[in-house]
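Novice: Take a look at entry30.txt, compact mmCIF, C-alpha atoms and all ligand atoms:
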```txt
# COMPACT_ATOMS: atom_id res chain seq x y z
CA MET S 228 20.12 -27.80 -22.42
CA THR S 229 16.42 -27.34 -23.12
CA ALA S 230 14.52 -25.65 -20.26
CA HIS S 231 10.99 -26.97 -19.71
CA PHE S 232 7.89 -24.88 -19.03
CA MET S 233 4.16 -25.54 -19.29
CA VAL S 234 0.70 -24.11 -18.93
CA ILE S 235 -1.79 -26.31 -17.12
CA GLY S 236 -5.52 -25.89 -17.69
CA ASN S 237 -8.77 -27.46 -18.85
CA PRO S 238 -9.49 -26.77 -21.67
CA ILE S 239 -6.01 -25.84 -22.87
CA ALA S 240 -5.83 -26.46 -26.64
CA HIS S 241 -6.70 -22.80 -27.39
CA SER S 242 -3.85 -21.39 -25.26
CA LYS S 243 -1.50 -18.98 -27.01
CA SER S 244 1.05 -19.18 -24.19
CA PRO S 245 3.46 -21.57 -26.01
CA GLN S 246 3.83 -19.18 -28.98
CA ILE S 247 4.18 -16.17 -26.67
CA HIS S 248 6.89 -17.77 -24.54
CA GLN S 249 8.72 -19.08 -27.61
CA ALA S 250 8.79 -15.50 -28.92
CA PHE S 251 10.30 -14.34 -25.61
CA ALA S 252 12.82 -17.23 -25.67
CA MET S 253 13.91 -16.22 -29.19
CA GLN S 254 14.64 -12.72 -27.90
CA ALA S 255 16.56 -14.13 -24.93
CA GLY S 256 18.44 -16.69 -27.03
CA LEU S 257 17.16 -19.46 -24.78
CA ASP S 258 16.34 -23.02 -25.79
CA ILE S 259 12.95 -23.79 -24.22
CA ARG S 260 10.08 -26.20 -24.56
CA TYR S 261 6.73 -24.80 -23.41
CA ALA S 262 3.94 -27.38 -23.35
CA ARG S 263 0.17 -27.18 -23.10
CA GLN S 264 -0.80 -29.56 -20.29
CA LEU S 265 -4.40 -30.72 -20.15
CA CYS S 266 -5.38 -31.93 -16.66
CA PRO S 267 -8.56 -33.54 -15.30
CA ASN S 268 -10.54 -31.01 -13.27
CA ASP S 269 -9.83 -32.30 -9.76
CA ASN S 270 -7.36 -31.34 -7.06
CA ALA S 271 -5.56 -34.72 -6.86
CA SER S 272 -4.84 -34.73 -10.60
CA PHE S 273 -3.68 -31.12 -10.49
CA ILE S 274 -1.23 -31.84 -7.66
CA ALA S 275 0.04 -35.01 -9.36
CA VAL S 276 0.75 -33.14 -12.61
CA ILE S 277 2.45 -30.20 -10.88
CA GLU S 278 4.65 -32.45 -8.71
CA ALA S 279 5.62 -34.67 -11.67
CA PHE S 280 6.53 -31.56 -13.69
CA PHE S 281 8.82 -30.05 -11.06
CA ASN S 282 10.27 -33.40 -9.94
CA GLY S 283 11.14 -33.97 -13.60
CA GLY S 284 13.19 -30.78 -13.70
CA GLY S 285 10.55 -28.34 -15.01
CA ILE S 286 11.54 -24.68 -14.45
CA GLY S 287 8.22 -22.85 -14.43
CA ALA S 288 4.50 -23.39 -14.93
CA ASN S 289 1.61 -21.14 -15.78
CA VAL S 290 -1.75 -22.04 -14.32
CA THR S 291 -5.02 -21.17 -16.00
CA VAL S 292 -8.76 -21.89 -15.67
CA PRO S 293 -9.95 -23.79 -13.61
CA PHE S 294 -6.81 -24.40 -11.51
CA LYS S 295 -5.75 -20.95 -10.27
CA GLN S 296 -7.44 -21.38 -6.86
CA MET S 297 -6.12 -24.93 -6.47
CA ALA S 298 -2.60 -23.62 -7.16
CA PHE S 299 -3.16 -20.92 -4.54
CA GLU S 300 -4.17 -23.49 -1.91
CA TYR S 301 -1.29 -25.78 -2.85
CA CYS S 302 1.24 -22.95 -2.42
CA GLN S 303 -0.36 -21.86 0.85
CA LYS S 304 0.35 -25.34 2.23
CA ASN S 305 3.58 -26.24 0.44
CA GLY S 306 5.30 -23.01 -0.54
CA GLN S 307 5.07 -19.22 -0.48
CA LEU S 308 2.68 -16.71 -2.06
CA SER S 309 3.62 -13.33 -3.52
CA SER S 310 1.60 -10.35 -2.25
CA ASN S 311 -0.28 -10.16 -5.57
CA ALA S 312 -1.15 -13.87 -5.40
CA ALA S 313 -2.26 -13.50 -1.77
CA ALA S 314 -4.54 -10.56 -2.65
CA ALA S 315 -5.83 -12.26 -5.80
CA GLY S 316 -6.56 -15.52 -3.98
CA ALA S 317 -5.21 -17.18 -7.11
CA VAL S 318 -1.89 -18.27 -8.61
CA ASN S 319 -1.03 -18.17 -12.32
CA THR S 320 2.76 -18.63 -12.08
CA LEU S 321 4.73 -21.36 -10.28
CA TYR S 322 8.46 -21.81 -9.89
CA TYR S 323 11.10 -22.80 -7.33
CA GLU S 324 13.45 -20.34 -5.66
CA ASN S 325 16.05 -21.70 -3.20
CA ASP S 326 14.10 -24.96 -3.01
CA VAL S 327 10.89 -23.14 -2.06
CA LEU S 328 7.83 -23.32 -4.32
CA ILE S 329 6.67 -19.78 -5.14
CA GLY S 330 3.12 -18.98 -6.28
CA ASP S 331 2.73 -15.61 -7.96
CA ASN S 332 -0.04 -13.91 -9.88
CA THR S 333 1.04 -11.74 -12.82
CA ASP S 334 -2.42 -11.10 -14.35
CA GLY S 335 -3.20 -7.84 -12.55
CA GLN S 336 0.31 -6.42 -12.92
CA GLY S 337 0.16 -7.47 -16.58
CA LEU S 338 -2.98 -5.36 -16.96
CA VAL S 339 -1.24 -2.41 -15.29
CA ASN S 340 1.89 -2.79 -17.43
CA HIS S 341 -0.17 -2.95 -20.62
CA MET S 342 -2.11 0.20 -19.71
CA LEU S 343 1.11 2.04 -18.84
CA SER S 344 2.67 0.91 -22.15
CA MET S 345 -0.24 2.68 -23.92
CA ASP S 346 0.42 5.81 -21.82
CA TRP S 347 -2.84 5.43 -19.91
CA GLN S 348 -2.44 7.45 -16.72
CA LEU S 349 -3.07 5.32 -13.63
CA SER S 350 -1.65 7.62 -10.98
CA GLY S 351 -4.61 9.61 -9.61
CA ALA S 352 -7.08 7.81 -11.91
CA ASN S 353 -10.69 7.15 -10.98
CA ILE S 354 -11.29 3.62 -12.22
CA ALA S 355 -14.43 1.51 -12.57
CA ILE S 356 -14.17 -2.26 -12.84
CA ILE S 357 -17.22 -4.19 -14.03
CA GLY S 358 -17.19 -7.76 -12.74
CA ALA S 359 -16.24 -9.19 -9.36
CA GLY S 360 -14.75 -12.55 -10.29
CA GLY S 361 -11.16 -13.75 -10.26
CA ALA S 362 -9.87 -11.33 -12.89
CA ALA S 363 -11.32 -8.26 -11.14
CA ARG S 364 -10.01 -9.44 -7.80
CA GLY S 365 -6.48 -9.87 -9.16
CA ALA S 366 -6.48 -6.39 -10.71
CA ILE S 367 -7.41 -4.40 -7.60
CA LEU S 368 -4.10 -4.42 -5.66
CA PRO S 369 -1.88 -3.75 -8.72
CA LEU S 370 -4.15 -0.83 -9.75
CA ILE S 371 -3.99 0.63 -6.22
CA ASN S 372 -0.21 0.13 -6.14
CA ALA S 373 -0.04 1.96 -9.50
CA GLY S 374 -1.64 4.99 -7.81
CA ALA S 375 -5.35 4.74 -8.67
CA ALA S 376 -7.26 7.41 -6.72
CA SER S 377 -10.46 5.37 -6.49
CA ILE S 378 -11.90 2.07 -7.61
CA THR S 379 -15.60 1.47 -8.13
CA LEU S 380 -16.41 -2.22 -8.40
CA ALA S 381 -19.66 -2.79 -10.29
CA ASN S 382 -21.25 -6.20 -10.60
CA ARG S 383 -24.48 -7.87 -11.72
CA THR S 384 -24.65 -9.43 -8.24
CA LEU S 385 -23.99 -6.51 -5.90
CA SER S 386 -23.48 -8.70 -2.82
CA LYS S 387 -20.51 -10.44 -4.50
CA ALA S 388 -18.78 -7.13 -5.20
CA GLN S 389 -19.30 -5.95 -1.62
CA ALA S 390 -18.17 -9.29 -0.16
CA LEU S 391 -15.03 -9.14 -2.28
CA ILE S 392 -14.20 -5.61 -1.09
CA ASP S 393 -14.82 -6.58 2.54
CA GLU S 394 -12.54 -9.59 2.25
CA LEU S 395 -9.75 -7.68 0.49
CA ARG S 396 -9.97 -4.85 3.03
CA GLU S 397 -9.63 -7.29 5.88
CA ASN S 398 -6.53 -8.94 4.44
CA ASN S 399 -4.55 -6.15 2.82
CA ALA S 400 -3.52 -2.83 4.37
CA ALA S 401 -3.10 -0.98 1.02
CA ILE S 402 -6.59 -2.01 -0.08
CA SER S 403 -8.01 -1.22 3.33
CA ALA S 404 -6.69 2.36 3.05
CA ALA S 405 -7.93 2.83 -0.53
CA ASP S 406 -11.08 4.59 -1.79
CA ILE S 407 -12.96 1.54 -3.03
CA ARG S 408 -16.71 1.04 -3.30
CA SER S 409 -19.29 -1.16 -4.95
CA CYS S 410 -22.51 -0.78 -6.97
CA GLU S 411 -24.75 -2.71 -9.32
CA THR S 412 -23.61 -2.60 -12.95
CA GLY S 413 -26.73 -0.75 -14.15
CA ALA S 414 -26.29 1.84 -11.37
CA LEU S 415 -22.75 2.71 -12.44
CA THR S 416 -22.88 6.34 -13.63
CA GLY S 417 -20.52 9.29 -13.97
CA ASP S 418 -17.28 9.99 -15.78
CA PHE S 419 -14.31 7.72 -15.06
CA ASP S 420 -10.76 7.96 -16.32
CA ILE S 421 -10.80 4.24 -17.09
CA ILE S 422 -13.54 1.60 -17.18
CA ILE S 423 -12.51 -2.06 -17.26
CA ASN S 424 -14.72 -4.92 -18.35
CA ALA S 425 -13.69 -7.88 -16.17
CA THR S 426 -16.85 -9.92 -16.72
CA SER S 427 -16.96 -13.18 -18.63
CA ILE S 428 -19.89 -11.90 -20.71
CA GLY S 429 -17.59 -12.06 -23.72
CA LEU S 430 -19.09 -12.48 -27.14
CA THR S 431 -22.36 -14.01 -25.95
CA GLY S 432 -25.59 -12.33 -26.99
CA ASP S 433 -25.86 -10.82 -23.49
CA LYS S 434 -25.19 -7.11 -23.10
CA LEU S 435 -24.05 -5.30 -19.99
CA PRO S 436 -26.72 -2.87 -18.76
CA LEU S 437 -24.55 0.24 -19.20
CA SER S 438 -26.15 3.54 -18.17
CA ASP S 439 -26.34 6.37 -20.73
CA ASP S 440 -24.75 8.52 -18.03
CA LEU S 441 -21.61 6.39 -17.90
CA THR S 442 -18.61 7.82 -19.74
CA CYS S 443 -14.84 7.41 -19.64
CA GLY S 444 -11.57 8.55 -21.14
CA ALA S 445 -10.50 4.98 -21.85
CA ALA S 446 -12.22 1.58 -21.87
CA TYR S 447 -10.42 -1.75 -21.45
CA ASP S 448 -11.92 -5.18 -22.11
CA MET S 449 -9.97 -8.07 -20.56
CA MET S 450 -11.35 -10.27 -23.34
CA TYR S 451 -9.63 -10.12 -26.69
CA GLY S 452 -10.87 -10.52 -30.23
CA LYS S 453 -12.76 -8.55 -32.82
CA SER S 454 -15.73 -6.25 -32.27
CA LEU S 455 -16.14 -6.54 -28.53
CA PRO S 456 -19.51 -4.82 -27.82
CA PHE S 457 -18.16 -3.19 -24.64
CA LEU S 458 -15.39 -1.46 -26.59
CA THR S 459 -17.65 -0.50 -29.50
CA HIS S 460 -20.01 1.14 -26.98
CA PHE S 461 -17.35 3.42 -25.50
CA GLU S 462 -15.55 4.01 -28.80
CA SER S 463 -18.78 5.56 -30.09
CA LYS S 464 -18.61 7.94 -27.11
CA GLY S 465 -15.09 9.01 -28.02
CA ALA S 466 -13.08 6.91 -25.55
CA ALA S 467 -9.71 5.30 -26.22
CA THR S 468 -10.09 1.51 -26.16
CA SER S 469 -8.08 -1.67 -25.82
CA ASP S 470 -8.80 -5.36 -25.69
CA GLY S 471 -6.97 -7.72 -23.33
CA PHE S 472 -4.42 -9.28 -25.67
CA GLY S 473 -1.75 -6.92 -24.39
CA MET S 474 -2.60 -8.01 -20.84
CA LEU S 475 -2.08 -11.63 -21.88
CA LEU S 476 1.33 -10.75 -23.33
CA ALA S 477 2.32 -8.61 -20.37
CA GLN S 478 1.38 -11.22 -17.75
CA ALA S 479 3.37 -13.78 -19.74
CA ALA S 480 6.38 -11.44 -19.86
CA LEU S 481 6.25 -11.09 -16.07
CA SER S 482 6.18 -14.89 -15.66
CA PHE S 483 9.10 -15.21 -18.07
CA LEU S 484 11.02 -12.59 -16.08
CA LEU S 485 10.43 -14.49 -12.82
CA TRP S 486 11.58 -17.76 -14.42
CA THR S 487 14.56 -16.60 -16.46
CA GLY S 488 15.53 -13.09 -15.30
CA PHE S 489 15.03 -11.87 -18.89
CA ALA S 490 12.78 -8.83 -19.47
CA ALA S 491 11.13 -9.54 -22.81
CA ASP S 492 10.21 -6.79 -25.27
CA VAL S 493 6.45 -7.23 -25.33
CA LYS S 494 5.86 -5.00 -28.38
CA GLN S 495 8.41 -6.93 -30.41
CA ALA S 496 6.78 -10.23 -29.38
CA SER S 497 3.37 -8.84 -30.29
CA ASN S 498 4.65 -7.94 -33.78
CA ALA S 499 6.23 -11.38 -34.15
CA LEU S 500 2.87 -12.93 -33.25
CA ASN S 501 1.14 -10.70 -35.82
CA HIS S 502 -1.26 -9.13 -33.37
P1 LIG B 601 -15.27 -15.26 -13.27
O1 LIG B 601 -16.14 -16.37 -13.72
O2 LIG B 601 -14.47 -15.40 -12.03
O3 LIG B 601 -16.20 -13.94 -13.06
C1 LIG B 601 -17.19 -13.64 -13.96
C2 LIG B 601 -17.76 -12.23 -13.71
O4 LIG B 601 -18.55 -11.90 -14.85
C3 LIG B 601 -18.67 -12.14 -12.49
O5 LIG B 601 -18.52 -10.86 -11.93
C4 LIG B 601 -20.07 -12.29 -13.10
O6 LIG B 601 -21.08 -11.64 -12.39
C5 LIG B 601 -19.87 -11.58 -14.42
N1 LIG B 601 -20.81 -12.05 -15.46
C6 LIG B 601 -20.80 -13.25 -16.08
N2 LIG B 601 -21.79 -13.31 -16.98
C7 LIG B 601 -22.44 -12.12 -16.92
C8 LIG B 601 -23.56 -11.59 -17.60
N3 LIG B 601 -24.24 -12.29 -18.53
N4 LIG B 601 -23.96 -10.33 -17.30
C9 LIG B 601 -23.28 -9.60 -16.39
N5 LIG B 601 -22.21 -10.05 -15.69
C10 LIG B 601 -21.80 -11.30 -15.96
O7 LIG B 601 -14.35 -14.90 -14.52
P2 LIG B 601 -12.86 -14.29 -14.48
O8 LIG B 601 -12.87 -13.16 -13.52
O9 LIG B 601 -11.89 -15.37 -14.32
O10 LIG B 601 -12.67 -13.76 -15.98
C11 LIG B 601 -13.35 -12.59 -16.43
C12 LIG B 601 -12.87 -12.24 -17.85
O11 LIG B 601 -11.50 -11.83 -17.84
C13 LIG B 601 -12.96 -13.41 -18.84
O12 LIG B 601 -13.50 -12.91 -20.03
C14 LIG B 601 -11.52 -13.82 -19.04
O13 LIG B 601 -11.30 -14.35 -20.33
C15 LIG B 601 -10.80 -12.49 -18.88
N6 LIG B 601 -9.38 -12.63 -18.49
C16 LIG B 601 -8.43 -12.15 -19.36
C17 LIG B 601 -7.09 -12.25 -19.06
C18 LIG B 601 -6.09 -11.71 -20.03
O14 LIG B 601 -4.87 -11.99 -19.87
N7 LIG B 601 -6.49 -10.93 -21.02
C19 LIG B 601 -6.62 -12.89 -17.80
C20 LIG B 601 -7.70 -13.33 -16.94
C21 LIG B 601 -9.03 -13.23 -17.31
P3 LIG B 601 -21.88 -12.35 -11.16
O15 LIG B 601 -20.98 -12.23 -9.96
O16 LIG B 601 -23.13 -11.58 -11.05
O17 LIG B 601 -22.10 -13.79 -11.56
```
Represent the supplied structure as structure tokens.
Ligand code: NDP

Specialist:
Amino acid sequence: MTAHFMVIGNPIAHSKSPQIHQAFAMQAGLDIRYARQLCPNDNASFIAVIEAFFNGGGIGANVTVPFKQMAFEYCQKNGQLSSNAAAAGAVNTLYYENDVLIGDNTDGQGLVNHMLSMDWQLSGANIAIIGAGGAARGAILPLINAGAASITLANRTLSKAQALIDELRENNAAISAADIRSCETGALTGDFDIIINATSIGLTGDKLPLSDDLTCGAAYDMMYGKSLPFLTHFESKGAATSDGFGMLLAQAALSFLLWTGFAADVKQASNALNH
């Protein structure tokens, strides 16, 4: 019997999730249908689509922009949140376990798994994250759990970075005990093991105000695509670099594992997708 999955978002036409999950299903020998589900950007529509999907026998759903916070609130009221989803304040993976709706967030752990798959050392690492939005927030607990020695959260709007740290500290004991601080992006200086771009600056003409005194062993851009200026900048300083396509694959593999119990070979899927 065909098992049904979907990703819900707006916009959604660009999503690569159907191809990625089909590649995993091929490995697992599973017959699946994974749909892109466009949804109007309001809470009532989101809830209606999610409930219709699961009432119709759907097995698992991914949630993407702009619905991750709505999914979080829905699970808070109607189900259970994983610790990563609770810390992230956002849900990207939904499924039922023993008749209970579970909301998880695999983005941050996907980032960690991708870095570890490239042999980037996280245990004892001093890490800088630029950006204090949803993606940065979701990465903090998984990076701390992976053994990061310190996290410096740099953001254009300093108050947002500090407010995020304060909130996370209040709600999570592991984060509260961690060495975590904030600064303005332009004031970020020193040598880090890893610097992560978690801003949505992307391929716009804008450039991050990176100090000349900022260096790193490895630079990671959560965006993916060709010639990301952030990566070019640190490559020219001799750093190892990676874009975020591997994070996309790794978060998908974690969702697939939660839904099916099958641990997909991410490298093999990446080759099959020609990336
Ligand atoms: P948010 O909108 O929540 O956060 C945006 C962040 O970017 C804020 O910190 C904001 O700073 C900063 N920012 C935006 N524009 C600028 C600019 N011109 N100059 C400096 N800083 C800027 O976005 P998300 O956290 O959801 O996503 C961030 C990135 O991560 C996106 O590129 C997204 O595609 C990527 N991502 C990749 C994933 C993957 O699997 N590879 C998964 C999830 C996200 P301020 O607070 O000052 O406004």

Novice: Pick the closest to S:Ser242 from S:Ala479, S:Ala359, S:Ile259, S:Leu395: which is it, counting only C-alpha atoms?

Specialist: S:Ala479

Novice: Which residues come within 12 Å of S:Thr379, counting only C-alpha atoms, excluding same-chain residues fewer than 4 positions away, as a ChimeraX atom specification?

Specialist: /S:352-359,363,367,370-371,375,385,388-389,392,405-412,414-423

Novice: With distances taken over all atoms listed in the file, which of S:Ala230, S:Ala271, S:Ala496, S:Val327 is nearest to S:Gln307?

Specialist: S:Val327

Novice: Tell me, as a PDB file with C-alpha atoms, in the coordinates of the input, which residues lie within 9 Å of S:Pro245, counting all atoms listed in the file; anything in the same chain fewer than 4 positions away does not count.

Specialist:
```pdb
ATOM      1  CA  PHE S 232       7.890 -24.880 -19.030  1.00  0.00           C
ATOM      2  CA  MET S 233       4.160 -25.540 -19.290  1.00  0.00           C
ATOM      3  CA  VAL S 234       0.700 -24.110 -18.930  1.00  0.00           C
ATOM      4  CA  GLN S 249       8.720 -19.080 -27.610  1.00  0.00           C
ATOM      5  CA  ALA S 250       8.790 -15.500 -28.920  1.00  0.00           C
ATOM      6  CA  ARG S 260      10.080 -26.200 -24.560  1.00  0.00           C
ATOM      7  CA  TYR S 261       6.730 -24.800 -23.410  1.00  0.00           C
ATOM      8  CA  ALA S 262       3.940 -27.380 -23.350  1.00  0.00           C
ATOM      9  CA  ARG S 263       0.170 -27.180 -23.100  1.00  0.00           C
TER      10      ARG S 263
END
```

Novice: Figure out the distance between atom CA of S:Ala313 and atom CA of S:Phe299, please, to one decimal in Å.

Specialist: 8.0 Å

Novice: Please identify all protein, DNA and RNA residues within 6 Å of ligand LIG 601 (chain B), counting all atoms listed in the file, and report them as a ChimeraX atom specification.

Specialist: /S:334,358-363,382-384,387,425-429,433,435,449-450,471-472,474-475

Novice: Grab the atom CA of S:Gln348 to atom CA of S:Ser469 distance for me, in Å with one decimal place.

Specialist: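 Distance between the two atoms: 14.1 Å.
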
Novice: I'd like the interatomic distance between atom CA of S:Phe483 and atom CA of S:Gly335, to a tenth of an Å.

Specialist: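 Computing it gives 15.4 Å between the two atoms.
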
Novice: Tell me which of S:Leu308, S:Ile277, S:Ala446, S:Cys302 sits closest to S:Ser463, counting all atoms listed in the file.

Specialist: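 Of S:Leu308, S:Ile277, S:Ala446, S:Cys302, the one nearest S:Ser463 is S:Ala446, counting all atoms listed in the file.
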
Novice: From the options S:Asp470, S:Glu397, S:Asp492, S:Glu300, which residue's atoms come nearest to S:Phe457, counting all atoms listed in the file?

Specialist: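 Answer, going by the shortest atom-to-atom distance: S:Asp470.
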
Novice: I'd like to know which of S:Leu485, S:Leu343, S:Ile274, S:Leu368 is closest to S:Arg396, using only C-alpha atoms.

Specialist: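 Between S:Leu485, S:Leu343, S:Ile274, S:Leu368, the residue approaching S:Arg396 most closely is S:Leu368.
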
Novice: Give me the residues near S:Gln264 as a VMD selection string, where near means some atom within 9 Å (using all atoms listed in the file) and where sequence neighbours in that chain fewer than 6 positions away do not count.

Specialist: chain S and resid 233 to 237 239 to 240 276

Novice: Write a file of the just-selected residues containing C-alpha atoms, as a PDB file, in the frame of the given file.

Specialist:
```pdb
ATOM      1  CA  MET S 233       4.160 -25.540 -19.290  1.00  0.00           C
ATOM      2  CA  VAL S 234       0.700 -24.110 -18.930  1.00  0.00           C
ATOM      3  CA  ILE S 235      -1.790 -26.310 -17.120  1.00  0.00           C
ATOM      4  CA  GLY S 236      -5.520 -25.890 -17.690  1.00  0.00           C
ATOM      5  CA  ASN S 237      -8.770 -27.460 -18.850  1.00  0.00           C
ATOM      6  CA  ILE S 239      -6.010 -25.840 -22.870  1.00  0.00           C
ATOM      7  CA  ALA S 240      -5.830 -26.460 -26.640  1.00  0.00           C
ATOM      8  CA  VAL S 276       0.750 -33.140 -12.610  1.00  0.00           C
TER       9      VAL S 276
END
```

Novice: Return stretch 286-303 of chain S, completed with N, CA and C atoms, as an mmCIF file, in the frame of the given file.

Specialist:
```cif
data_model
loop_
_atom_site.group_PDB
_atom_site.id
_atom_site.type_symbol
_atom_site.label_atom_id
_atom_site.label_comp_id
_atom_site.auth_asym_id
_atom_site.auth_seq_id
_atom_site.Cartn_x
_atom_site.Cartn_y
_atom_site.Cartn_z
ATOM 1 N N ILE S 286 11.073 -25.957 -15.040
ATOM 2 C CA ILE S 286 11.540 -24.680 -14.450
ATOM 3 C C ILE S 286 10.367 -23.829 -13.984
ATOM 4 N N GLY S 287 9.326 -23.731 -14.809
ATOM 5 C CA GLY S 287 8.220 -22.850 -14.430
ATOM 6 C C GLY S 287 6.929 -23.280 -15.084
ATOM 7 N N ALA S 288 5.814 -23.029 -14.394
ATOM 8 C CA ALA S 288 4.500 -23.390 -14.930
ATOM 9 C C ALA S 288 3.550 -22.221 -14.832
ATOM 10 N N ASN S 289 2.759 -22.031 -15.865
ATOM 11 C CA ASN S 289 1.610 -21.140 -15.780
ATOM 12 C C ASN S 289 0.382 -21.987 -15.453
ATOM 13 N N VAL S 290 -0.536 -21.358 -14.736
ATOM 14 C CA VAL S 290 -1.750 -22.040 -14.320
ATOM 15 C C VAL S 290 -2.931 -21.233 -14.830
ATOM 16 N N THR S 291 -3.863 -21.899 -15.516
ATOM 17 C CA THR S 291 -5.020 -21.170 -16.000
ATOM 18 C C THR S 291 -6.302 -21.880 -15.581
ATOM 19 N N VAL S 292 -7.441 -21.383 -16.068
ATOM 20 C CA VAL S 292 -8.760 -21.890 -15.670
ATOM 21 C C VAL S 292 -8.820 -23.409 -15.832
ATOM 22 N N PRO S 293 -9.302 -24.181 -14.873
ATOM 23 C CA PRO S 293 -9.950 -23.790 -13.610
ATOM 24 C C PRO S 293 -9.041 -24.027 -12.396
ATOM 25 N N PHE S 294 -7.723 -23.929 -12.565
ATOM 26 C CA PHE S 294 -6.810 -24.400 -11.510
ATOM 27 C C PHE S 294 -6.153 -23.290 -10.672
ATOM 28 N N LYS S 295 -6.489 -22.024 -10.956
ATOM 29 C CA LYS S 295 -5.750 -20.950 -10.270
ATOM 30 C C LYS S 295 -5.963 -20.969 -8.744
ATOM 31 N N GLN S 296 -7.192 -21.328 -8.312
ATOM 32 C CA GLN S 296 -7.440 -21.380 -6.860
ATOM 33 C C GLN S 296 -6.777 -22.608 -6.238
ATOM 34 N N MET S 297 -6.792 -23.715 -6.986
ATOM 35 C CA MET S 297 -6.120 -24.930 -6.470
ATOM 36 C C MET S 297 -4.621 -24.657 -6.299
ATOM 37 N N ALA S 298 -4.033 -23.950 -7.245
ATOM 38 C CA ALA S 298 -2.600 -23.620 -7.160
ATOM 39 C C ALA S 298 -2.338 -22.724 -5.958
ATOM 40 N N PHE S 299 -3.268 -21.808 -5.706
ATOM 41 C CA PHE S 299 -3.160 -20.920 -4.540
ATOM 42 C C PHE S 299 -3.124 -21.747 -3.254
ATOM 43 N N GLU S 300 -4.090 -22.667 -3.128
ATOM 44 C CA GLU S 300 -4.170 -23.490 -1.910
ATOM 45 C C GLU S 300 -2.946 -24.394 -1.762
ATOM 46 N N TYR S 301 -2.464 -24.910 -2.891
ATOM 47 C CA TYR S 301 -1.290 -25.780 -2.850
ATOM 48 C C TYR S 301 -0.063 -25.001 -2.355
ATOM 49 N N CYS S 302 0.094 -23.775 -2.845
ATOM 50 C CA CYS S 302 1.240 -22.950 -2.420
ATOM 51 C C CYS S 302 1.102 -22.490 -0.978
ATOM 52 N N GLN S 303 -0.138 -22.239 -0.561
ATOM 53 C CA GLN S 303 -0.360 -21.860 0.850
ATOM 54 C C GLN S 303 0.173 -22.951 1.779
#
```
